[in-house]
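What's in start_23.tsv: TSV, C-alpha atoms
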```
chain	number	residue	atom	x	y	z
H	1	MET	CA	-34.94	18.03	-2.76
H	2	ARG	CA	-35.50	17.29	-6.44
H	3	LYS	CA	-32.23	19.03	-7.31
H	4	SER	CA	-30.37	16.85	-4.76
H	5	LEU	CA	-31.84	13.68	-6.24
H	6	VAL	CA	-30.78	14.73	-9.73
H	7	ILE	CA	-27.22	15.37	-8.53
H	8	LEU	CA	-27.14	12.04	-6.67
H	9	ALA	CA	-28.38	10.19	-9.75
H	10	ALA	CA	-25.71	11.85	-11.88
H	11	VAL	CA	-23.01	10.90	-9.38
H	12	MET	CA	-24.23	7.28	-9.27
H	13	ALA	CA	-24.32	7.11	-13.06
H	14	GLY	CA	-20.76	8.41	-13.23
H	15	MET	CA	-19.56	5.85	-10.68
H	16	MET	CA	-21.26	3.03	-12.60
H	17	ALA	CA	-19.59	4.19	-15.82
H	18	LEU	CA	-16.19	4.23	-14.13
H	19	LEU	CA	-16.73	0.75	-12.71
H	20	SER	CA	-17.84	-0.58	-16.11
H	21	GLY	CA	-14.79	0.93	-17.76
H	22	ALA	CA	-12.45	-0.53	-15.17
H	23	ARG	CA	-14.10	-3.94	-15.51
H	24	ALA	CA	-13.77	-3.83	-19.30
H	25	GLN	CA	-10.12	-2.80	-18.98
H	26	ASN	CA	-9.38	-5.70	-16.60
H	27	THR	CA	-11.16	-8.11	-18.92
H	28	ALA	CA	-9.14	-6.93	-21.90
H	29	GLN	CA	-5.77	-7.42	-20.17
H	30	PRO	CA	-4.06	-10.57	-21.50
H	31	LYS	CA	-3.21	-13.27	-19.01
H	32	ALA	CA	0.43	-13.79	-18.21
H	33	THR	CA	2.12	-16.55	-20.21
H	34	PRO	CA	3.13	-19.49	-17.99
H	35	ASP	CA	6.87	-19.71	-17.36
H	36	ILE	CA	8.48	-23.11	-18.05
H	37	SER	CA	11.98	-21.78	-18.61
H	38	GLY	CA	14.99	-23.22	-16.81
H	39	VAL	CA	17.34	-26.19	-16.84
H	40	TRP	CA	15.52	-29.51	-16.44
H	41	LEU	CA	16.55	-33.15	-16.03
H	42	VAL	CA	14.47	-36.33	-16.28
H	43	ASP	CA	13.44	-37.47	-12.81
H	44	LYS	CA	13.60	-41.22	-13.48
H	45	PHE	CA	15.66	-42.32	-16.47
H	46	GLU	CA	14.35	-45.31	-18.44
H	47	PRO	CA	15.66	-45.71	-22.00
H	48	ARG	CA	12.74	-47.87	-23.18
H	49	LEU	CA	9.09	-46.93	-23.54
H	50	PHE	CA	8.14	-50.58	-22.93
H	51	PRO	CA	10.78	-52.00	-20.56
H	52	ASN	CA	8.74	-55.19	-20.14
H	53	GLY	CA	7.82	-55.58	-23.81
H	54	GLY	CA	4.34	-55.39	-25.26
H	55	ALA	CA	4.60	-52.51	-27.69
H	56	PRO	CA	1.58	-52.58	-30.09
H	57	LEU	CA	3.70	-53.15	-33.19
H	58	THR	CA	2.29	-53.64	-36.65
H	59	THR	CA	3.81	-56.38	-38.81
H	60	TRP	CA	5.93	-53.77	-40.60
H	61	ALA	CA	7.31	-52.38	-37.35
H	62	GLU	CA	7.85	-55.82	-35.82
H	63	VAL	CA	10.16	-56.79	-38.68
H	64	LYS	CA	12.18	-53.60	-38.22
H	65	PHE	CA	12.25	-53.96	-34.44
H	66	LYS	CA	13.57	-57.53	-34.59
H	67	ALA	CA	16.36	-56.38	-36.90
H	68	THR	CA	17.64	-53.77	-34.46
H	69	ASP	CA	20.94	-54.20	-32.68
H	70	LEU	CA	21.57	-51.67	-29.92
H	71	LYS	CA	25.32	-52.11	-30.33
H	72	SER	CA	25.48	-51.45	-34.06
H	73	ASN	CA	22.51	-49.62	-35.57
H	74	ASP	CA	21.34	-47.18	-32.92
H	75	PRO	CA	21.40	-43.81	-34.78
H	76	ASN	CA	22.89	-42.28	-31.64
H	77	LEU	CA	26.08	-44.27	-32.29
H	78	ALA	CA	26.65	-42.17	-35.39
H	79	CYS	CA	25.97	-38.94	-33.47
H	80	LEU	CA	22.78	-38.44	-35.47
H	81	PRO	CA	19.94	-36.40	-33.93
H	82	LEU	CA	17.87	-38.35	-31.41
H	83	GLY	CA	14.53	-37.30	-32.86
H	84	LEU	CA	11.23	-37.19	-31.01
H	85	PRO	CA	9.96	-38.28	-28.61
H	86	ARG	CA	13.34	-39.79	-27.64
H	87	PHE	CA	14.85	-36.32	-27.28
H	88	MET	CA	12.36	-35.59	-24.49
H	89	VAL	CA	11.62	-39.01	-23.00
H	90	SER	CA	14.49	-41.43	-22.80
H	91	VAL	CA	17.84	-39.66	-22.56
H	92	PRO	CA	19.66	-38.65	-19.37
H	93	TYR	CA	20.92	-35.30	-20.66
H	94	PRO	CA	19.79	-32.00	-19.10
H	95	PHE	CA	18.06	-29.45	-21.32
H	96	GLU	CA	17.27	-25.77	-20.99
H	97	ILE	CA	14.04	-24.11	-22.09
H	98	PHE	CA	14.00	-20.53	-23.39
H	99	GLN	CA	10.78	-18.66	-24.11
H	100	VAL	CA	10.34	-15.81	-26.60
H	101	PRO	CA	7.04	-14.56	-28.06
H	102	THR	CA	7.35	-16.44	-31.35
H	103	ARG	CA	8.80	-19.74	-30.16
H	104	ILE	CA	9.99	-21.95	-27.35
H	105	ILE	CA	13.54	-23.20	-27.76
H	106	VAL	CA	14.89	-26.32	-26.07
H	107	ILE	CA	18.69	-26.65	-25.92
H	108	GLN	CA	20.02	-30.02	-24.87
H	109	GLU	CA	23.39	-31.11	-23.57
H	110	GLY	CA	23.54	-34.08	-25.90
H	111	PRO	CA	23.76	-35.30	-29.52
H	112	GLN	CA	20.71	-33.29	-30.62
H	113	THR	CA	21.44	-29.79	-29.45
H	114	MET	CA	18.24	-27.85	-30.19
H	115	ARG	CA	14.51	-28.15	-30.69
H	116	GLN	CA	12.16	-25.34	-31.75
H	117	ILE	CA	8.44	-25.07	-30.95
H	118	HIS	CA	6.82	-22.39	-33.11
H	119	MET	CA	4.04	-20.52	-31.36
H	120	ASN	CA	0.72	-19.50	-32.87
H	121	ARG	CA	1.28	-20.60	-36.44
H	122	GLU	CA	0.16	-23.59	-38.50
H	123	HIS	CA	2.27	-26.38	-39.99
H	124	PRO	CA	3.62	-25.50	-43.45
H	125	LYS	CA	1.74	-27.35	-46.18
H	126	ASP	CA	4.80	-28.88	-47.85
H	127	LEU	CA	7.10	-30.16	-45.11
H	128	ASP	CA	10.43	-31.74	-45.88
H	129	PRO	CA	10.86	-34.72	-43.51
H	130	THR	CA	13.37	-33.95	-40.76
H	131	TYR	CA	14.73	-35.61	-37.62
H	132	SER	CA	12.73	-33.38	-35.27
H	133	GLY	CA	9.73	-32.70	-37.47
H	134	ASP	CA	7.81	-29.43	-37.32
H	135	SER	CA	6.53	-28.47	-33.86
H	136	ILE	CA	3.82	-25.87	-33.27
H	137	GLY	CA	2.54	-24.86	-29.86
H	138	LYS	CA	-0.26	-22.98	-28.14
H	139	TRP	CA	-1.20	-22.34	-24.54
H	140	GLU	CA	-4.41	-23.73	-23.05
H	141	GLY	CA	-4.45	-22.29	-19.55
H	142	ASP	CA	-1.22	-23.35	-17.88
H	143	THR	CA	-0.60	-26.20	-20.36
H	144	LEU	CA	1.50	-25.95	-23.52
H	145	ILE	CA	-0.01	-28.07	-26.29
H	146	VAL	CA	2.62	-29.09	-28.84
H	147	ASP	CA	1.75	-30.77	-32.14
H	148	THR	CA	4.59	-32.26	-34.22
H	149	ILE	CA	4.53	-33.84	-37.69
H	150	GLY	CA	6.89	-33.96	-40.68
H	151	PHE	CA	9.35	-36.57	-39.45
H	152	ASN	CA	11.77	-38.68	-41.41
H	153	ASP	CA	12.02	-42.36	-40.43
H	154	LYS	CA	15.70	-42.37	-39.45
H	155	THR	CA	15.29	-42.19	-35.67
H	156	TRP	CA	13.88	-44.41	-32.92
H	157	LEU	CA	11.07	-43.57	-30.54
H	158	ASP	CA	13.23	-44.56	-27.59
H	159	GLY	CA	16.57	-46.07	-26.63
H	160	GLY	CA	15.25	-49.58	-27.07
H	161	GLY	CA	14.97	-49.57	-30.86
H	162	LEU	CA	11.25	-48.89	-31.39
H	163	PRO	CA	10.90	-47.75	-35.01
H	164	HIS	CA	8.54	-45.28	-36.60
H	165	SER	CA	7.56	-44.19	-40.08
H	166	GLU	CA	7.23	-40.75	-41.67
H	167	ALA	CA	3.56	-40.84	-40.62
H	168	LEU	CA	4.55	-40.28	-36.98
H	169	HIS	CA	2.36	-37.71	-35.21
H	170	LEU	CA	3.29	-36.54	-31.72
H	171	VAL	CA	1.14	-34.47	-29.35
H	172	GLU	CA	2.54	-33.20	-26.05
H	173	ARG	CA	0.89	-31.52	-23.07
H	174	ILE	CA	3.58	-29.75	-21.07
H	175	ARG	CA	2.85	-28.08	-17.75
H	176	ARG	CA	4.68	-26.94	-14.64
H	177	VAL	CA	2.90	-28.68	-11.74
H	178	ASP	CA	4.99	-26.85	-9.14
H	179	HIS	CA	8.07	-24.64	-9.16
H	180	ASP	CA	10.52	-27.54	-9.34
H	181	THR	CA	8.52	-30.03	-11.45
H	182	LEU	CA	7.67	-30.12	-15.16
H	183	VAL	CA	5.48	-32.85	-16.69
H	184	ASP	CA	5.16	-33.79	-20.37
H	185	ASP	CA	2.30	-36.10	-21.41
H	186	PHE	CA	2.84	-37.71	-24.83
H	187	THR	CA	0.41	-39.19	-27.33
H	188	ILE	CA	2.27	-41.03	-30.10
H	189	GLU	CA	0.38	-42.03	-33.26
H	190	ASP	CA	1.83	-43.87	-36.25
H	191	PRO	CA	-0.68	-46.16	-38.00
H	192	LYS	CA	2.03	-47.74	-40.14
H	193	ALA	CA	4.09	-48.78	-37.11
H	194	TYR	CA	1.60	-49.19	-34.24
H	195	THR	CA	-1.87	-50.67	-33.99
H	196	LYS	CA	-3.01	-48.04	-31.48
H	197	PRO	CA	-1.78	-44.76	-29.99
H	198	ILE	CA	0.96	-44.95	-27.36
H	199	MET	CA	0.48	-42.84	-24.24
H	200	THR	CA	3.40	-42.05	-21.98
H	201	HIS	CA	4.75	-39.22	-19.85
H	202	GLN	CA	7.95	-37.89	-18.39
H	203	VAL	CA	8.68	-35.87	-15.26
H	204	TYR	CA	11.55	-33.40	-15.09
H	205	LYS	CA	13.11	-31.68	-12.10
H	206	LEU	CA	14.41	-28.12	-12.10
H	207	LYS	CA	18.18	-27.69	-11.74
H	208	PRO	CA	18.49	-23.96	-10.93
H	209	ASP	CA	22.26	-24.04	-10.40
H	210	TRP	CA	23.08	-26.00	-13.58
H	211	GLU	CA	24.30	-24.71	-16.90
H	212	ILE	CA	24.24	-26.50	-20.26
H	213	HIS	CA	27.75	-27.55	-21.22
H	214	GLU	CA	29.25	-28.19	-24.63
H	215	TYR	CA	28.81	-31.75	-25.89
H	216	VAL	CA	30.63	-32.94	-29.02
H	217	CYS	CA	29.52	-36.46	-29.86
H	218	GLU	CA	31.84	-36.81	-32.85
H	219	GLU	CA	35.02	-36.27	-30.84
H	220	ASN	CA	36.66	-39.57	-29.84
H	221	ASN	CA	33.57	-41.52	-30.87
H	222	LYS	CA	34.57	-45.18	-30.50
H	223	TYR	CA	31.30	-46.70	-31.67
H	224	SER	CA	30.56	-48.18	-35.09
H	225	TYR	CA	27.26	-47.44	-36.76
H	226	GLN	CA	26.40	-50.08	-39.37
H	227	GLU	CA	23.04	-48.82	-40.58
H	228	LYS	CA	23.04	-47.13	-43.99
```

Mind turning the file's structure into structure tokens?
Amino acid sequence: MRKSLVILAAVMAGMMALLSGARAQNTAQPKATPDISGVWLVDKFEPRLFPNGGAPLTTWAEVKFKATDLKSNDPNLACLPLGLPRFMVSVPYPFEIFQVPTRIIVIQEGPQTMRQIHMNREHPKDLDPTYSGDSIGKWEGDTLIVDTIGFNDKTWLDGGGLPHSEALHLVERIRRVDHDTLVDDFTIEDPKAYTKPIMTHQVYKLKPDWEIHEYVCEENNKYSYQEK
């Protein structure tokens, strides 16, 4: 009887060890990265962040905003990059998202062809101001958190002429709420241009049968850009 109990105890101990090992192995397995790839198009196009007015402009930004003329000094008229967040918020062009381990690449059928989101690295310390800034991303559950700084001041926030300075800081929370729907929540901060953060969002719909086509803004461009 004692011998049987010893054998049974040994068997139970072995089973517990196997279960603990399997549990540890399952715990160590990395979770699958959410998939947001595909061709997407804004669900409801609105070129202006504040279609009814009321943007929280500082005095500096109000002077610049009043001087805008959509027919002559929109940077888009010169085929310049759209910048952010305009690239993602207020243009009717489709874009395609590609995911690789080191970055997420957004290719647009429009004046600004590409955007890169670098994964799991920090912003470089000495950034040269650019149209798109420097975007870094990380996953929090099923949400991609994107932090972008390092902008120049040559673009608009939207298609309505809202200006920004080089202090612009953009944070996005991008998530796929269902198979056919992608949502991007934006927090826009620029203390030189706005008295408080601007919160907005955009919804995109999946276009599984679409492909991104070539777009050459400079060809047959009939518009005159007067800003220098």

(4.4, -19.8, -30.8) in this file's frame - what residues fall within 6 Å of it? Use all atoms listed in the file and give the answer as an mmCIF file with C-alpha atoms, in the coordinates of the input.
```
data_model
loop_
_atom_site.group_PDB
_atom_site.id
_atom_site.type_symbol
_atom_site.label_atom_id
_atom_site.label_comp_id
_atom_site.auth_asym_id
_atom_site.auth_seq_id
_atom_site.Cartn_x
_atom_site.Cartn_y
_atom_site.Cartn_z
ATOM 1 C CA THR H 102 7.350 -16.440 -31.350
ATOM 2 C CA ARG H 103 8.800 -19.740 -30.160
ATOM 3 C CA HIS H 118 6.820 -22.390 -33.110
ATOM 4 C CA MET H 119 4.040 -20.520 -31.360
ATOM 5 C CA ASN H 120 0.720 -19.500 -32.870
ATOM 6 C CA GLY H 137 2.540 -24.860 -29.860
#
```

### Task
Could you tell me which of H:Pro85, H:Ile36, H:His164, H:Thr59 comes closest to H:Phe98 if we count all atoms listed in the file?
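Of the candidates, the smallest distance to H:Phe98 is held by H:Ile36.
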
### Task
Using only C-alpha atoms, pick whichever of H:Ala67, H:Val216, H:Val171, H:Val89 has the shortest atom-to-atom distance to H:Glu109.
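Comparing H:Ala67, H:Val216, H:Val171, H:Val89 against H:Glu109, the winner is H:Val216.
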
### Atom-to-atom span, atom CA of H:Gly159 and atom CA of H:Gln112, Å
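Result for atom CA of H:Gly159 versus atom CA of H:Gln112: 14.0 Å, one decimal.
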
#### Entry: Distance of atom CA of H:Leu157 from atom CA of H:Ile145, expressed in Å to one decimal place
19.5 Å

### Selected residue of minimal separation from H:Val146 among H:Ile174, H:Leu127, H:Leu162, H:Leu82, counting all atoms listed in the file
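Of H:Ile174, H:Leu127, H:Leu162, H:Leu82, the one nearest H:Val146 is H:Ile174, counting all atoms listed in the file.
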
### Task
Tell me which protein, DNA and RNA residues are within 9 Å of H:Leu144, counting only C-alpha atoms, leaving out same-chain ones fewer than 6 positions away, and put them as a ChimeraX atom specification.
/H:34,137-138,172-175

### Message
Ranking H:Trp156, H:Phe186, H:Trp210, H:Tyr204 by minimum distance to H:Gly83 and counting all atoms listed in the file, which one comes first?
### Response
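Nearest to H:Gly83: H:Trp156.
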
### Message
What does the structure give for the distance between atom CA of H:Gly53 and atom CA of H:Gly160, in Å to one decimal?
### Response
10.1 Å

### Task
Determine, counting only C-alpha atoms, which protein, DNA and RNA residues have an atom within 12 Å of an atom of H:Lys66; residues of the same chain fewer than 3 positions away are not included. Present the result as an MDAnalysis selection string.
chainID H and resid 57 59:63 69:70 73 160:163

### Task
Point out the residue among H:Gly54, H:Asp35, H:Pro191, H:Ser90 with the least atom-to-atom distance to H:Val177, counting all atoms listed in the file.
H:Asp35

### Query
Within 12 Å of H:Lys154, counting all atoms listed in the file, which residues qualify if same-chain residues fewer than 5 places away don't, as a ChimeraX atom specification?
/H:64,73-76,78,80-84,129-133,161-166,168,227-228

### Which residue of H:Lys205, H:Asp134, H:Thr200, H:Thr33 approaches H:Thr181 most closely, using all atoms listed in the file
H:Lys205

### Task
Do a neighbour search on H:Pro208 at 9 Å with only C-alpha atoms, toss out local chain neighbours closer than 4 positions, and write the hits as a ChimeraX atom specification.
/H:38-40,180

Residue selection dump (C-alpha atoms) as a compact mmCIF listing (two decimals), keeping the file's coordinate frame:
```
# COMPACT_ATOMS: atom_id res chain seq x y z
CA GLY H 38 14.99 -23.22 -16.81
CA VAL H 39 17.34 -26.19 -16.84
CA TRP H 40 15.52 -29.51 -16.44
CA ASP H 180 10.52 -27.54 -9.34
```

### Task
Select, counting all atoms listed in the file, all protein, DNA and RNA residues no farther than 12 Å from (-8.1, -40.2, -33.7) in file coordinates, and express the selection as a list in words.
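Residues close enough to count: His169, Val171, Thr187, Ile188, Glu189, Asp190, Pro191, Lys196 and Pro197 of chain H.
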